[in-house]
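Undergrad: The following block contains the structure, expressed as structure tokens.
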Amino acid sequence: MTALTQSERELPSPIVDRQWWKESVVYQIYPRSFMDSNGDGIGDIQGIISKLDYLQQLGVDVVWLSPVYASPNDDNGYDISDYQAIMDEFGTLDDWKMLLSGLKSRGMKLIMDLVVNHTSDEHHWFVESRKSADNQYRDYYIWRSGIDGQEPNNWISLFSGSAWKLDEATGQYYLHLFSQKQPDLNWDNELVRANIYKMMMWWLDLGIDGFRMDVINLISKDQALPSSPSSDRYAWGGQYFMNGPRVHEFLQEMNREVLSKYDCMTVGETPGADIEEACRYAACDGSELNMIFQFEHMGLDSWGDKWDVKPWNLHDLKAVMTKWQKGLEGRAWNSLYLNNHDQPRMVSRFGNDGEYRMQSAKMLATFLHGQQGTPYIYQGEEIGMTNVRFADLNDYKDIETHNMYRIRVLERGYRHEDVMESIYLKGRDNARTPMQWDDSPHGGFTSGTPWLGVNPNFKDINAEAALRDTDSIFHHYKQLITLRKKHEVMVYGRYDMIADGHDQIYAYTRTLGDEKWIVVCNFFGGEPEFRWNDYGIDKVHLILSNYKSLDNGIGVEGCDESVSSIRLRPYEANIYQVVG
């Protein structure tokens with residue numbers, strides 16, 4: 001339910017720093033799993049083109065396309081062998097140009113993944129680099145000699161095992177913070193940077209509208225490459241390469257040489273960045289990036305290592321989200337997300353993917369889109385797709401999952417059942433199962449055999465059913481997106497937490513000039529009371545609810561209500577305007 005025809009309530013907005021990327025809603029497409037057009041079981045660009053009307057109907061402004069570049073696919077396209085070619089499985093550059101044109105004709109923009117911390121080991125630069133120690137491309141990557149027959153240092157790869165790989169041809173090791181087939185580029189080499197900037201301008205000149213930058217805060221390494229002080233055989237060395245010594249220098253140079261010359265959007269993936277770092281990466285002066293992805297809220301359900309799962313706590317979620325809302329206020333811009341291609345499905349993680357799947361999915365969307373920042377929707381989120389539980393480990397395709405299983409079960413003796421439970425909860429393939437379009441075989445994703453199994457619940461959870469049901473999760477997302485387009489308070493309003501001590505309710509206000517809205521979310525299956533009088537509020541106007549019927553006694557569309565308290569239903573989420 002939404003009441004959008006209340007223009008008499010809207011007051012002239014205070015002066016705000018309006019930017020199109022602040023006012024946009026972004027939809028992330030993971031191409032391999034979105035839509036297959038030719039029956040080979042792999043999503044492709046023509047498949048995406050066939051669904052552009054669907055995206056237009058949802059109302060999103062920007063599509064973020066995960067990598068479609070040429071790649072041997074060791075890490076599902078994040079190992080790039082040619083930055084200016086399209087992977088054969090996805091189509092051709094002409095297909096890509098058709099996609100760009102289709103988006104533009106529907107009023108949508110396109111941002112591409114920029115993966116420049118590393119390349120594939122099949123990239124021309126690395127093929128040359130490994131030929132000899134004096135090759136002109138040698139210094140494009142980070143090569144070092146071993147020490148006492150061991151690796152140059154004890155850093156552990158983010159995909160497990162050593163971060164170094166011995167190359168027999170020259171007897172030296174190369175650094176790979178991720179897969180062995182993803183050697184890290186040497187950003188201290190100015191030729192590397194110049195070639196990357198040239199490639200970025202090539203894409204921008206083709207008409208894209210910006211970049212999502214993969215692990216961009218890892219590009220600067222301490223060139224001494226010291227070992228971690230840990231006594232472990234392989235240990236975390238992030239203090240020497242995460243938010244490294246020259247990273248801001250490099251990004252400011254990128255901004256001067258490339259980004260400042262285009263009206264483009266940039267969002268950097270920056271694991272481990274704190275508030276102060278974020279305010280440098282995404283400062284309002286525009287000297288580096290527009291915004292970043294931070295991961296503090298993504299770590300609330302683990303004991304440090306993501307696979308060591310613990311229950312998340314609402315008070316911790318309130319503290320983290322509020323810290324970032326207030327910490328960036330007036331200094332930088334927030335990105336808003338609860339899932340992506342690397343994270344579990346949000347309704348399974350933070351909601352209830354059983355009895356209250358629809359209510360909790362809508363609640364989480366309301367909770368997120370109501371905050372200050374640019375919202376990101378990951379494909380399938382808008383229809384409430386859930387995590388998957390494949391019985392056989394071989395049904396999982398993610399390299400990170402298989403590396404973890406090998407180390408924990410085969411090398412360290414963990415119980416198979418315990419490790420599988422961690423995979424069910426946190427594995428990246430949860431987000432990568434094919435998009436569920438309808439109730440036909442394989443969810444309408446492909447006429448062939450899908451590269452990764454479709455979640456068996458596609459019969460009940462699919463886009464076709466969501467489009468038919470006017471009370472669906474999809475239609476709730478449409479309403480949230482419409483609210484942001486019509487009401488500046490949803491974009492630029494100041495965020496303030498209320499009810500911070502409540503165990504079940506997350507509530508906050510958005511204030512812009514004389515206008516104040518309140519978002520009230522019940523994060524659980526009970527029926528807690530929310531007392532308006534505790535916050536000096538005695539009259540509100542209901543804007544949006546995730547419940548179709550309003551039998552909790554408050555909020556009739558188009559009417560102001562005098563209030564003292566309300567009893568929220570399971571996973572209920574409402575947006576109100578304060579009256580008077």
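Ligands are numbered from 1 in the order shown, residues from 1 within each chain, and chains are lettered A, B, ... in the order they appear in the structure tokens.
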As an mmCIF file with C-alpha atoms, in the first residue's frame, please: all residues of region 253-419 of chain A that backbone DSSP puts in alpha helix (DSSP H).

TA:
data_model
loop_
_atom_site.group_PDB
_atom_site.id
_atom_site.type_symbol
_atom_site.label_atom_id
_atom_site.label_comp_id
_atom_site.auth_asym_id
_atom_site.auth_seq_id
_atom_site.Cartn_x
_atom_site.Cartn_y
_atom_site.Cartn_z
ATOM 1 C CA GLU A 253 45.413 10.050 -10.114
ATOM 2 C CA MET A 254 42.689 7.845 -11.670
ATOM 3 C CA ASN A 255 40.179 10.567 -10.924
ATOM 4 C CA ARG A 256 42.324 13.273 -12.523
ATOM 5 C CA GLU A 257 43.251 11.217 -15.586
ATOM 6 C CA ILE A 275 34.640 5.290 8.536
ATOM 7 C CA GLU A 276 37.705 7.476 8.175
ATOM 8 C CA GLU A 277 39.001 5.543 5.182
ATOM 9 C CA ALA A 278 35.534 5.662 3.601
ATOM 10 C CA CYS A 279 35.477 9.420 3.992
ATOM 11 C CA ARG A 280 38.700 9.582 2.021
ATOM 12 C CA TYR A 281 37.636 7.148 -0.712
ATOM 13 C CA LEU A 314 19.668 -6.831 16.055
ATOM 14 C CA HIS A 315 21.483 -4.475 18.429
ATOM 15 C CA ASP A 316 24.719 -5.108 16.542
ATOM 16 C CA LEU A 317 22.954 -4.437 13.228
ATOM 17 C CA LYS A 318 21.538 -1.172 14.600
ATOM 18 C CA ALA A 319 24.955 -0.110 15.848
ATOM 19 C CA VAL A 320 26.757 -0.843 12.583
ATOM 20 C CA MET A 321 24.175 0.644 10.234
ATOM 21 C CA THR A 322 23.777 3.758 12.358
ATOM 22 C CA LYS A 323 27.542 4.185 12.685
ATOM 23 C CA TRP A 324 27.868 4.301 8.902
ATOM 24 C CA GLN A 325 24.815 6.504 8.404
ATOM 25 C CA LYS A 326 26.021 9.089 10.929
ATOM 26 C CA GLY A 327 29.742 8.668 10.256
ATOM 27 C CA MET A 346 19.228 -11.660 2.468
ATOM 28 C CA VAL A 347 15.816 -13.175 3.234
ATOM 29 C CA SER A 348 17.519 -16.396 4.365
ATOM 30 C CA ARG A 349 20.176 -14.522 6.324
ATOM 31 C CA ARG A 357 9.276 -15.052 3.462
ATOM 32 C CA MET A 358 7.156 -12.424 1.709
ATOM 33 C CA GLN A 359 6.688 -10.239 4.775
ATOM 34 C CA SER A 360 10.318 -10.386 5.851
ATOM 35 C CA ALA A 361 11.664 -9.802 2.330
ATOM 36 C CA LYS A 362 9.502 -6.675 2.069
ATOM 37 C CA MET A 363 10.545 -5.602 5.547
ATOM 38 C CA LEU A 364 14.241 -5.886 4.735
ATOM 39 C CA ALA A 365 13.736 -3.928 1.519
ATOM 40 C CA THR A 366 11.891 -1.188 3.410
ATOM 41 C CA PHE A 367 14.563 -1.106 6.105
ATOM 42 C CA LEU A 368 17.319 -0.684 3.521
ATOM 43 C CA HIS A 369 15.731 1.616 0.932
ATOM 44 C CA ILE A 399 36.218 -22.064 -6.038
ATOM 45 C CA GLU A 400 36.225 -20.449 -2.586
ATOM 46 C CA THR A 401 33.783 -23.074 -1.293
ATOM 47 C CA HIS A 402 35.813 -26.007 -2.611
ATOM 48 C CA ASN A 403 39.112 -24.600 -1.316
ATOM 49 C CA MET A 404 37.592 -24.128 2.133
ATOM 50 C CA TYR A 405 36.129 -27.656 2.156
ATOM 51 C CA HIS A 416 31.681 -32.996 6.721
ATOM 52 C CA GLU A 417 28.226 -32.191 8.111
ATOM 53 C CA ASP A 418 29.438 -29.085 9.948
ATOM 54 C CA VAL A 419 31.253 -27.718 6.917
#

Undergrad: Can you tell me which residues surround Tyr141 (chain A) at a distance of at most 6 Å, considering only C-alpha atoms, apart from same-chain residues fewer than 4 positions away, and format the answer as a ChimeraX atom specification?

TA: /A:184-186

Undergrad: Given only C-alpha atoms as the basis, pick out the residue of A:Pro152, A:Gly237, A:Gly91, A:Gly272 nearest to Asp222 (chain A).

TA: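 For Asp222 (chain A), the nearest of the given residues is A:Gly237.
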
Undergrad: Record the distance separating CA of Ala282 (chain A) and CA of Met242 (chain A), expressed in Å with one decimal.

TA: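 So the answer is 16.4 Å.
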
Undergrad: Within 7 Å of Lys165 (chain A), counting only C-alpha atoms, which residues show up once you throw out same-chain ones fewer than 4 positions away? Write them as a list in words, please.

TA: Tyr173, Tyr174, Leu175 and Gln180 of chain A

Undergrad: So, with only C-alpha atoms as the atoms that count, which of A:Trp187, A:Trp236, A:Tyr376, A:Phe178 lies closest to Ser220 (chain A)?

TA: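 Among the listed residues, the smallest separation from Ser220 (chain A) belongs to A:Trp187.
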
Undergrad: At a cut-off of 10 Å, using only C-alpha atoms, what residues contact Thr119 (chain A)? Leave out same-chain residues fewer than 3 positions from it and give the result as a ChimeraX atom specification.

TA: /A:71,78-83,115-116,122-126,141,176,181-185

Undergrad: Include N, CA and C atoms and write out the residues we just selected as a short mmCIF file (atom, residue, chain, number, x, y, z; two decimals), in the first residue's frame.

TA:
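Once everything was written out, this is part.cif:
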data_model
loop_
_atom_site.label_atom_id
_atom_site.label_comp_id
_atom_site.auth_asym_id
_atom_site.auth_seq_id
_atom_site.Cartn_x
_atom_site.Cartn_y
_atom_site.Cartn_z
N SER A 71 37.62 -14.36 -20.35
CA SER A 71 38.14 -14.95 -19.12
C SER A 71 38.13 -16.46 -19.20
N TYR A 78 35.98 -13.06 -12.83
CA TYR A 78 36.80 -12.07 -12.13
C TYR A 78 38.30 -12.32 -12.36
N ASP A 79 38.59 -13.22 -13.28
CA ASP A 79 39.96 -13.45 -13.76
C ASP A 79 39.96 -13.11 -15.25
N ILE A 80 40.39 -11.90 -15.57
CA ILE A 80 40.18 -11.34 -16.92
C ILE A 80 41.43 -11.54 -17.78
N SER A 81 41.21 -12.10 -18.96
CA SER A 81 42.33 -12.31 -19.88
C SER A 81 42.39 -11.24 -20.97
N ASP A 82 41.29 -10.51 -21.18
CA ASP A 82 41.29 -9.40 -22.14
C ASP A 82 40.21 -8.41 -21.72
N TYR A 83 40.64 -7.22 -21.30
CA TYR A 83 39.69 -6.22 -20.79
C TYR A 83 38.81 -5.61 -21.89
N VAL A 115 37.94 -4.75 -12.73
CA VAL A 115 38.72 -5.71 -11.94
C VAL A 115 40.18 -5.50 -12.27
N VAL A 116 40.84 -4.66 -11.49
CA VAL A 116 42.21 -4.26 -11.83
C VAL A 116 43.18 -4.44 -10.68
N GLU A 122 46.22 -15.83 -17.85
CA GLU A 122 46.20 -15.96 -19.31
C GLU A 122 46.14 -14.61 -20.02
N HIS A 123 46.17 -13.52 -19.24
CA HIS A 123 46.24 -12.20 -19.85
C HIS A 123 47.60 -12.03 -20.55
N HIS A 124 47.59 -11.32 -21.66
CA HIS A 124 48.81 -11.10 -22.44
C HIS A 124 49.95 -10.56 -21.58
N TRP A 125 49.63 -9.65 -20.66
CA TRP A 125 50.68 -9.06 -19.82
C TRP A 125 51.37 -10.14 -18.99
N PHE A 126 50.59 -11.04 -18.41
CA PHE A 126 51.21 -12.05 -17.54
C PHE A 126 51.89 -13.14 -18.36
N TYR A 141 53.67 -7.21 -12.71
CA TYR A 141 53.17 -8.06 -11.62
C TYR A 141 54.18 -8.06 -10.48
N HIS A 176 49.48 -13.67 -5.57
CA HIS A 176 48.07 -13.79 -5.96
C HIS A 176 47.23 -13.76 -4.68
N LYS A 181 45.39 -18.43 -10.35
CA LYS A 181 45.23 -17.96 -11.73
C LYS A 181 44.85 -16.48 -11.78
N GLN A 182 45.01 -15.77 -10.64
CA GLN A 182 44.70 -14.34 -10.58
C GLN A 182 45.90 -13.57 -10.02
N PRO A 183 46.98 -13.47 -10.78
CA PRO A 183 48.16 -12.75 -10.28
C PRO A 183 47.87 -11.26 -10.08
N ASP A 184 48.39 -10.72 -8.98
CA ASP A 184 48.16 -9.31 -8.66
C ASP A 184 49.02 -8.40 -9.54
N LEU A 185 48.38 -7.34 -10.03
CA LEU A 185 49.10 -6.32 -10.79
C LEU A 185 49.96 -5.46 -9.86
#
